[in-house]
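J.: Handing you a structure now.
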Amino acid sequence: MAHEHDHDDRDDHGSELSEMQLRVRALETVLAEKGYIDPAAIDAIIEAYETKVGPHIGARVVAKAWSDPAFKRALLEHASQAVLALGLLNRVGDHLIAVENTPKLHNMIVCTLCSCYPWEVLGLPPVWYKSAPYRSRAVNDPRGVLNDFGVTLPAGTDIRVWDSTAETRFIVLPMRPSGTEGWSEEKLAALVTRDCMIGTGLPKQAREIA
Amino acid sequence: MNGLHDMGGMHGFGRVEPEPNEPVFHAEWEGHTLAITRAMGYTGVWTIDQTRAGIEELPPDIYLSSSYYKKWALRLEKLVVALGLAGADELKAGHASQPGKTLKRKLTVADVPASLTRGSFARPAPSPARFKSGDRVRTKNIHPQTHTRLPRYARGHVGVVEAMRGCHVFPDSSALGAGDNPQWLYTVRFEGRELWGENTDPTLTVSIEAFEPYLEAA
């Protein structure tokens, strides 16, 4: 779905390596020497975001919703409680909201003011989600944004953009692809991309992983 | 504040460029910047709204030209100095020359799993909600110089209350260190044409999460 791109001209995104490495190291050293932070806890947070928290969690939530109508109702009613009950996470923040795509409505999530994103179920946001192009255009040209992702919605699909301007967090429940009848939750989860849970993509087609 | 961070509807930033197989962090210092920010937040020295204001108050040229985590690192430096938690001279030297202040708590390795869960921003309601689902509301035409979560593109427009989200910490107050000042929160949905004019895609609707002080009856 995503295009291949040449990234050489992207300032918003590159590593400002040596200077920033030194400055952040100085900051961490001073704050640790002051007794405010524990470097071992810093390393544990980094490890958690690199290895434990990520869109695989959201994918399991979506696959469950595709498989279990009662869970889907619970998810759309109160996503925080439903996700907690699934047992993938020990705790879930209070303000998660799931919004459902239908043949008539496509949902897209943005934070125009900063970078609000459902970290617990999707991990840390990708650079594009936090970038000026996405934040500026999602609210008035979402179909143009979808086009950047190589996605065209079927005719007759309305589009709804959710600007995350408070502590509520949104996850899109995409439509279950056709040709997946009888699939296990595990196999269904392999169809669920990060972008389809943000609304900038669609799930993979059955034939892509079969 | 009417800053560059308030990007909804701006033109000229070009196309969205997804990066295939993007790593979680693009450099080691990015992960450290995120983790230090989380660990300092855990000590209770600032609220999430004060940290957002800290990014918004970066000089506009710095805001636009710095990568995401560079902005976070600049904010950290600024906040720890502004709150007297460390001296600019100490950051420059890379070592503490004065003992630290006593903070409420310190994040340990054992606390990390629980700390990954977002806190609750819901608070007991000091008064009944003014609006209910289905009500027509107009967002106020306000331009506070301090932190607000009402984006410019959604000011002075008529929408419909689609959902009530409970009573939450009010960012506009919390960012000033003025306490929680809890306010009712609503999802307010606007027609795309109401926000962007008659040439807009007629199938577009946009919602914001609007605190009650941003709204009046319409």
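Lettering and numbering for the structure tokens are positional, with chains as A, B, ... in the shown order, residues counted from 1 in each chain, and ligands counted from 1 in the shown order.
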Just need the residues of chain B within 7 Å of chain A, counting only C-alpha atoms, so spit them out as a PyMOL selection string.

T.: chain B and resi 5-11+13-18+24+26-27+29+31-33+35-36+39-40+65-67+73+90-91+94-96+99-100+106-109+112+117-121+149+203-209

J.: Name all residues at most 8 Å from segment 182-186 of chain A (count only C-alpha atoms; drop same-chain ones fewer than 4 positions away) and give them as a VMD selection string.

T.: chain A and resid 60 63 to 64 67 190

J.: Using the selection just defined, write its residues with N, CA and C atoms as a PDB file, in the first residue's frame.

T.:
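File produced: again.pdb:
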ATOM      1  N   ARG A  60      -4.499  -7.630  17.285  1.00  0.00           N
ATOM      2  CA  ARG A  60      -5.217  -8.700  17.997  1.00  0.00           C
ATOM      3  C   ARG A  60      -6.614  -8.241  18.407  1.00  0.00           C
ATOM      4  N   ALA A  63      -8.759  -8.291  15.232  1.00  0.00           N
ATOM      5  CA  ALA A  63      -9.069  -9.669  14.834  1.00  0.00           C
ATOM      6  C   ALA A  63     -10.129 -10.283  15.744  1.00  0.00           C
ATOM      7  N   LYS A  64     -10.037  -9.962  17.019  1.00  0.00           N
ATOM      8  CA  LYS A  64     -11.047 -10.449  17.968  1.00  0.00           C
ATOM      9  C   LYS A  64     -12.421  -9.860  17.631  1.00  0.00           C
ATOM     10  N   SER A  67     -14.050 -11.523  14.853  1.00  0.00           N
ATOM     11  CA  SER A  67     -14.412 -12.924  15.101  1.00  0.00           C
ATOM     12  C   SER A  67     -15.549 -13.080  16.089  1.00  0.00           C
ATOM     13  N   ALA A 190      -2.985 -11.074  11.066  1.00  0.00           N
ATOM     14  CA  ALA A 190      -1.916 -10.820  10.089  1.00  0.00           C
ATOM     15  C   ALA A 190      -2.371  -9.901   8.958  1.00  0.00           C
TER      16      ALA A 190
END

J.: Using backbone DSSP assignments, extract all strand (DSSP E or B) residues from segment 2-214 of chain B; output them as number ranges by chain.

T.: B: 122, 136-139, 158-168, 183-191, 204-211

J.: Report, in Å to a single decimal, how far apart atom CA of Asn101 of chain A and atom CA of Pro174 of chain A are.

T.: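 Rounded to one decimal, the two atoms are 5.1 Å apart.
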
J.: With only C-alpha atoms as the basis for distance, which of B:Arg105, B:Lys78, B:His143, B:Arg138 is at the shortest distance from Asp172 of chain B?

T.: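 Of B:Arg105, B:Lys78, B:His143, B:Arg138, the one nearest Asp172 of chain B, counting only C-alpha atoms, is B:His143.
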
J.: What residues in segment 12-55 of chain B get the DSSP label alpha helix (DSSP H)? Please answer as a PyMOL selection string.

T.: chain B and resi 28-42+48-55

J.: Using only C-alpha atoms, which of the listed residues (A:Ala206, A:Leu88, A:Leu173, A:Ile198) sits closest to Val62 of chain A?

T.: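 When distances to Val62 of chain A are compared using only C-alpha atoms, the smallest one comes from A:Leu173.
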